[in-house]
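Peer 1: Have a look at the structure that comes next, please.
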Amino acid sequence: TLNNGISIADATDKVDYRFSYNNSNQTGIIPNSSIEKNNFNINTRYKITEDLTLTANANYVRTNSGNLPGVGGFRSNGYMLQFTWFGRQVDVSRLKNYRDENGNLVNWNNSYYSNPYFIAEENTVQQQRDRIFGNVGLNYKINEFLTANFRTGNDYYTDRRKIRVAYGTNGTPYGSYEEDAYTVNENNTEFTLNYNRPLSTDFTLDILAGSNIRSQSRQRNNQKAPRLAVPEVYTLANSRDALISTGEYSPLKAYSIFSSAQLGYKNYAFLNLTARNDWSSTLPVDNLSYFYPSANASIVLTDAFPIQSDILSFWKLRGGWSKVGKDTDPFSLIDSYLFSAPYGDNPQLSVNDIKKNPDLKPETTTSTELGTELAFLKNRVRLDLSLYDINSINQILAVDVSPSTGYKKKLMNAGKINNKGLEIQLGVTPVKKQNFQWDINVNFATNKSKVVELDNDGLLQSYTIGSSGTVQVLAAVGRPYGTLYGTGFLRNESGRLIVNADGTPATDPVNHYFGKFTPDWLGGITNQFRYKNFDLSFLIDIKHGGKLYSGTNATGRGTGVLASTLPGRDAEHGGLSYTVNGTTYDDGIIVDGVNADGSENTKVVSAQQYYKTLYRTNEANVFDASYVKLREVKLGYQLPNHWISKIGFQGASFSLVARNLWIIHKNAPNIDPETAF
């Protein structure tokens with residue numbers, strides 16, 4: 001990755017401006033993958049009169065990629081899953097010339113996946129993303145205490161992609177071509193009045209009131225030629241079949257009024273009150289208005305009372321309560337029709353498979369937080385601690401319904417979820433000299449969630465958040481939010497495996513609970529060293545607890561590419577001899593378990609059968625998601641001012657940054673547990 005940029009700024013009594021340009025070029029580890037980003041920004045302020053000021057900000061960002069590499073297990077451009085189907089003896093570099101002298105594709109085995117170099121070079125996803133955003137504002141000082149602000153801004157971007165799948169791709173022998181265009185346009189216009197004045201020598205009051213209008217539209221158009229008529233001609237016109245077209249349009253408009261008041265006492269005690277009311281176009285008329293207030297208070301005890309000392313440098317207490325509302329997506333209230341493939345020359349419309357709900361209410365989240373900040377030994381030791389309790393209700397979910405209704409799901413307000421947590425930040429400066437300083441910063445966070453209920457009647461006991469194959473991520477009543485369920489091994493009362501008649505481990509007909517995907521706690525340790533104009537820092541990142549399902553390990557066991565599948569595959573690796581139809585094999589395994597009648601298992605099963613069972617049974621591929629990583633190392637140098645002042649610069653620095661350098665510890669084999677692939 002190469003990053004570089006330049007900025008120019010100037011200021012007078014009436015006008016100031018700053019222009020900057022940044023360029024980023026990143027080359028991927030997969031051949032023929034790269035991304036370039038160019039960012040232009042200009043900020044300016046013009047003082048029209050002594051009381052009236054105009055501000056403007058504009059940004060333009062263009063992102064280009066000749067090929068965005070695919071992820072996951074797609075045959076057309078998914079790389080990682082392909083390697084789990086390769087033989088361990090294959091020298092992948094010999095596949096780099098993926099066509100022979102006659103133009104035919106070269107591969108080790110075409111049964112499942114294509115040559116990865118062929119995919120990288122010819123199955124490409126070209127992207128061009130243009131984003132323009134900015135705002136214009138006016139600030140008018142009405143009098144010494146009252147100020148009016150007006151600001152309007154827009155954020156517009158388009159993301160265009162051209163997706164090529166070449167002739168000869170496994171699973172798509174005739175190739176395909178697809179054009180996708182996604183556009184988002186959002187406008188925010190806001191007006192505020194701010195009143196700020198001292199009430200007395202001890203009390204201050206800051207009041208703000210305002211309104212906001214937000215409009216947003218999202219639009220997607222997609223056209224696909226499912227099979228190409230002529231190889232290597234990537235146009236929509238070059239299609240053997242009728243084009244597949246899809247479209248989406250989602251408008252939204254919201255009106256808001258809001259206010260806040262802050263009362264301060266002697267600059268060490270503060271009370272903040274806020275109130276906001278939104279009206280959203282995505283909610284029904286009777287429920288489109290929702291109100292959410294908040295209250296926060298804080299006091300600096302070391303300023304309020306004479307307790308500051310060489311040991312206690314600073315002590316602050318804070319507490320707060322808030323209520324936040326949330327609307328839903330557009331077109332969630334009434335059923336709508338979808339265009340589908342034509343029947344002959346006749347266009348067809350179909351009903352959406354999700355039943356909409358004209359009585360939806362806004363989601364509501366209520367939170368309470370208590371915290372404290374302390375500093376000791378002249379700020380050489382710093383501590384920030386927070387406790388929170390969050391309750392979310394009326395979440396808008398698409399829950400399963402009986403197919404006899406004509407729908408697969410229906411929208412409804414459901415769910416009450418509670419989150420309790422603790423966050424700690426600790427900073428220590430062990431050494432502080434004129435030319436050298438060492439800082440240590442430690443952070444720790446833990447959260448415990450619980451699905452209290454999913455519907456008022458208690459009939460709904462679980463809700464599917466997502467799935468991968470037969471593994472489901474659920475919100476289940478009484479469990480933490482985001483629990484993993486899937487197929488598991490059948491065991492007796494003593495916990496021993498029950499074995500099928502063919503000698504393979506039996507699968508329990510009831511899905512197993514594996515745990516939650518969220519961690520028990522997160523932590524980080526940063527060490528920073530400063531010596532004169534040099535600084536060096538490194539970050540250790542820690543995740544403890546949580547479960548993951550690994551498709552890499554599952555597929556690798558099924559295909560036999562993992563080292564963990566060596567035991568039992570031949571006599572050298574402990575395989576047992578057995579005879580089938582007069583032929584003797586030495587890849588036998590006896591599963592440590594019992595038969596259905598409780599007797600000890602003595603049945604020999606082939607290694608292939610055994611590891612295929614591990615591939616199909618989710619329990620064998622669920623692992624602890626914990627890790628300890630060297631997340632970042634940074635070395636920087638600040639150029640001396642007397643060097644750069646001669647050429648008109650105020651400051652310049654250079655930094656070398658390396659990220660994700662080392663997985664110091666993990667429990668999940670063969671993968672980075674952070675990716676969970």
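Ligands are numbered from 1 in the order shown, residues from 1 within each chain, and chains are lettered A, B, ... in the order they appear in the structure tokens.
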Contacts of A:Arg62 at 9 Å or less, counting only C-alpha atoms, minus same-chain residues fewer than 3 places along, as a list in words?
Peer 2: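 Non-adjacent residues within range: Glu36, Lys37, Asn38, Asn39, Phe40, Gln128, Arg129, Asp130, Arg131 and Ile132 of chain A.
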Peer 1: Fewer than 6 positions away in the same chain doesn't count, so skip those; otherwise give me all residues within 6 Å of A:Ile257, counting only C-alpha atoms, as a ChimeraX atom specification.
Peer 2: /A:210-211,276-277
Peer 1: Counting only C-alpha atoms, figure out which residue out of A:Gln216, A:Ser111, A:Thr429, A:Gln638 gets nearest to A:Asn185.
Peer 2: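 Nearest candidate to A:Asn185 out of A:Gln216, A:Ser111, A:Thr429, A:Gln638: A:Gln216.
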Peer 1: So that I can check the surroundings of stretch 593-597 of chain A, please list as a JSON list (two decimals) with C-alpha atoms, in the first residue's frame every protein, DNA and RNA residue that reaches within 8 Å of it, counting only C-alpha atoms and ignoring chain neighbours fewer than 6 positions away.
Peer 2:
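Result saved to part28.json:
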[["chain", "number", "residue", "atom", "x", "y", "z"],
["A", 496, "ARG", "CA", -19.26, -41.10, 24.73],
["A", 497, "LEU", "CA", -19.96, -41.09, 21.00],
["A", 498, "ILE", "CA", -22.68, -43.39, 19.72],
["A", 499, "VAL", "CA", -21.59, -45.11, 16.51],
["A", 500, "ASN", "CA", -23.72, -46.05, 13.49],
["A", 501, "ALA", "CA", -23.86, -49.60, 12.16],
["A", 505, "PRO", "CA", -20.13, -41.37, 14.47]]
Peer 1: Which residues come within 7 Å of stretch 362-377 of chain A, counting only C-alpha atoms, excluding same-chain residues fewer than 6 positions away, as JSON, numbers by chain?
Peer 2: {"A": [310, 311, 312, 313, 314, 315, 316, 317, 318, 319, 320, 321, 322, 323, 324, 325, 326, 327, 383, 384, 385, 386, 387, 388, 389, 390, 391, 392, 393, 394, 395, 396]}
Peer 1: Write out, as a short mmCIF file (atom, residue, chain, number, x, y, z; two decimals), in the first residue's frame, the residues just selected, with C-alpha atoms.
Peer 2:
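And here's result-v2.cif as it stands now:
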data_model
loop_
_atom_site.label_atom_id
_atom_site.label_comp_id
_atom_site.auth_asym_id
_atom_site.auth_seq_id
_atom_site.Cartn_x
_atom_site.Cartn_y
_atom_site.Cartn_z
CA ASP A 310 0.43 14.82 44.38
CA ILE A 311 -1.26 11.41 44.42
CA LEU A 312 -4.77 12.30 43.16
CA SER A 313 -4.48 14.64 40.16
CA PHE A 314 -8.02 14.42 38.75
CA TRP A 315 -11.37 12.78 39.57
CA LYS A 316 -14.58 13.07 37.60
CA LEU A 317 -17.93 11.30 37.99
CA ARG A 318 -20.52 11.06 35.20
CA GLY A 319 -23.87 9.44 34.62
CA GLY A 320 -26.46 9.43 31.88
CA TRP A 321 -29.76 8.08 30.62
CA SER A 322 -31.04 8.14 27.05
CA LYS A 323 -33.83 6.86 24.87
CA VAL A 324 -33.33 6.49 21.11
CA GLY A 325 -35.88 5.69 18.42
CA LYS A 326 -35.33 4.08 15.02
CA ASP A 327 -37.55 3.78 11.97
CA LEU A 383 -8.11 5.48 34.51
CA ASP A 384 -11.49 5.68 32.73
CA LEU A 385 -14.24 3.26 33.77
CA SER A 386 -17.80 2.92 32.40
CA LEU A 387 -20.75 0.68 33.28
CA TYR A 388 -23.80 0.50 31.02
CA ASP A 389 -27.19 -1.18 30.78
CA ILE A 390 -29.05 -1.13 27.45
CA ASN A 391 -32.56 -2.41 26.68
CA SER A 392 -33.85 -2.68 23.11
CA ILE A 393 -37.55 -3.30 22.42
CA ASN A 394 -39.93 -3.39 19.44
CA GLN A 395 -37.20 -4.50 17.07
CA ILE A 396 -38.52 -4.94 13.55
#
Peer 1: Give me the residues near A:Leu271 as a list in words, where near means some atom within 7 Å (using only C-alpha atoms) and where sequence neighbours in that chain fewer than 3 positions away do not count.
Peer 2: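 The filter keeps Gln262, Leu263, Gly264, Asn296, Ala297 and Ser298 of chain A.
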Peer 1: Selection from above, N, CA and C atoms, as an mmCIF file, in the first residue's frame, can you write it?
Peer 2:
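Full text of selection.cif as output:
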data_model
loop_
_atom_site.group_PDB
_atom_site.id
_atom_site.type_symbol
_atom_site.label_atom_id
_atom_site.label_comp_id
_atom_site.auth_asym_id
_atom_site.auth_seq_id
_atom_site.Cartn_x
_atom_site.Cartn_y
_atom_site.Cartn_z
ATOM 1 N N GLN A 262 -27.654 22.920 28.515
ATOM 2 C CA GLN A 262 -26.564 22.565 29.419
ATOM 3 C C GLN A 262 -26.428 23.639 30.489
ATOM 4 N N LEU A 263 -26.550 23.208 31.728
ATOM 5 C CA LEU A 263 -26.377 24.100 32.866
ATOM 6 C C LEU A 263 -25.049 23.770 33.526
ATOM 7 N N GLY A 264 -24.185 24.768 33.634
ATOM 8 C CA GLY A 264 -22.882 24.566 34.235
ATOM 9 C C GLY A 264 -22.717 25.357 35.518
ATOM 10 N N ASN A 296 -27.813 13.830 31.070
ATOM 11 C CA ASN A 296 -26.457 13.490 31.475
ATOM 12 C C ASN A 296 -25.976 14.493 32.510
ATOM 13 N N ALA A 297 -25.212 14.015 33.467
ATOM 14 C CA ALA A 297 -24.656 14.890 34.502
ATOM 15 C C ALA A 297 -23.220 14.482 34.785
ATOM 16 N N SER A 298 -22.384 15.458 35.132
ATOM 17 C CA SER A 298 -20.990 15.174 35.468
ATOM 18 C C SER A 298 -20.490 16.200 36.468
#
Peer 1: Quick check for you: according to DSSP on this backbone, which residues of stretch 250-416 of chain A are classed as strand (DSSP E)? Reply as a VMD selection string.
Peer 2: chain A and resid 250 to 265 269 to 280 289 to 300 312 to 326 337 to 343 346 to 351 354 to 355 363 to 376 381 to 400 409 to 416
Peer 1: Could you go through stretch 36-171 of chain A and tell me which residues DSSP, when run on the backbone, assigns to alpha helix (DSSP H), listing them as a VMD selection string?
Peer 2: chain A and resid 80 to 83 116 to 122
Peer 1: Save out the residues we just selected, C-alpha atoms, as a PDB file, in the first residue's frame.
Peer 2:
ATOM      1  CA  MET A  80      -9.722 -19.672  -0.763  1.00  0.00           C
ATOM      2  CA  LEU A  81     -12.269 -22.471  -1.035  1.00  0.00           C
ATOM      3  CA  GLN A  82     -10.603 -23.666  -4.231  1.00  0.00           C
ATOM      4  CA  PHE A  83      -7.370 -24.328  -2.390  1.00  0.00           C
ATOM      5  CA  PRO A 116      -6.954 -20.036  -9.689  1.00  0.00           C
ATOM      6  CA  TYR A 117      -4.699 -18.040 -12.030  1.00  0.00           C
ATOM      7  CA  PHE A 118      -7.334 -18.264 -14.762  1.00  0.00           C
ATOM      8  CA  ILE A 119      -9.934 -16.935 -12.331  1.00  0.00           C
ATOM      9  CA  ALA A 120      -7.656 -14.120 -11.160  1.00  0.00           C
ATOM     10  CA  GLU A 121      -6.872 -12.947 -14.688  1.00  0.00           C
ATOM     11  CA  GLU A 122     -10.157 -13.483 -16.523  1.00  0.00           C
TER      12      GLU A 122
END
Peer 1: Using only C-alpha atoms, which residues sit within 10 Å of A:Ser281 once same-chain residues fewer than 4 positions away are excluded, as a compact mmCIF listing (two decimals) with N, CA and C atoms, in the first residue's frame?
Peer 2:
# COMPACT_ATOMS: atom_id res chain seq x y z
N SER A 215 -33.58 13.74 3.48
CA SER A 215 -34.18 12.95 2.40
C SER A 215 -33.10 12.06 1.81
N PRO A 251 -36.95 5.26 -1.40
CA PRO A 251 -36.91 6.65 -0.94
C PRO A 251 -37.26 6.76 0.55
N LEU A 252 -36.74 7.77 1.18
CA LEU A 252 -37.00 8.00 2.60
C LEU A 252 -36.97 9.49 2.87
N LYS A 253 -37.85 9.95 3.75
CA LYS A 253 -37.83 11.34 4.17
C LYS A 253 -38.15 11.41 5.66
N ALA A 254 -37.40 12.24 6.37
CA ALA A 254 -37.61 12.37 7.82
C ALA A 254 -37.49 13.83 8.22
N TYR A 255 -38.41 14.25 9.08
CA TYR A 255 -38.39 15.60 9.64
C TYR A 255 -38.09 15.49 11.14
N VAL A 285 -48.92 6.16 9.51
CA VAL A 285 -49.33 7.50 9.95
C VAL A 285 -49.50 7.57 11.46
N LEU A 288 -45.75 7.32 13.00
CA LEU A 288 -44.58 7.90 12.34
C LEU A 288 -43.83 8.90 13.21
N SER A 289 -44.43 9.34 14.31
CA SER A 289 -43.79 10.30 15.21
C SER A 289 -43.23 9.56 16.42
N ASP A 327 -36.49 4.14 12.90
CA ASP A 327 -37.55 3.78 11.97
C ASP A 327 -37.19 2.48 11.25
N THR A 328 -37.84 2.21 10.13
CA THR A 328 -37.60 0.97 9.39
C THR A 328 -37.23 1.29 7.95
N ASP A 329 -37.09 0.26 7.13
CA ASP A 329 -36.75 0.45 5.73
C ASP A 329 -37.97 0.89 4.93
N PRO A 330 -37.76 1.55 3.80
CA PRO A 330 -38.89 1.91 2.95
C PRO A 330 -39.65 0.68 2.46
N PHE A 331 -40.92 0.87 2.16
CA PHE A 331 -41.79 -0.18 1.61
C PHE A 331 -41.93 -1.37 2.57
Peer 1: Just the number, please: distance in Å from atom CA of A:Ile334 to atom CA of A:Leu349, one decimal.
Peer 2: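 If I compute the distance from atom CA of A:Ile334 to atom CA of A:Leu349, I get 15.9 Å.
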Peer 1: Could you check the closest approach to A:Tyr407 for each of A:Asp241, A:Asp439, A:Asp335, A:Glu423 and tell me which residue wins, using only C-alpha atoms?
Peer 2: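 Looking at the shortest contact to A:Tyr407, the residue is A:Asp335.
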Peer 1: Just want the 9 Å neighbourhood of A:Gly558, counted on only C-alpha atoms, with same-chain residues fewer than 4 positions away dropped. Output as a ChimeraX atom specification.
Peer 2: /A:85,553-554,565,608,611-616
Peer 1: Which residue gives the smallest distance to A:Ala652 among A:Gly582, A:Pro403, A:Gly482, A:Pro640, with only C-alpha atoms counted?
Peer 2: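 Counting only C-alpha atoms, the residue closest to A:Ala652 is A:Pro640.
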Peer 1: Looking at only C-alpha atoms, which of A:Gly421, A:Gly598, A:Pro567, A:Pro69 is the one that sits closest to A:Asp520?
Peer 2: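 Smallest distance to A:Asp520 is found for A:Gly421.
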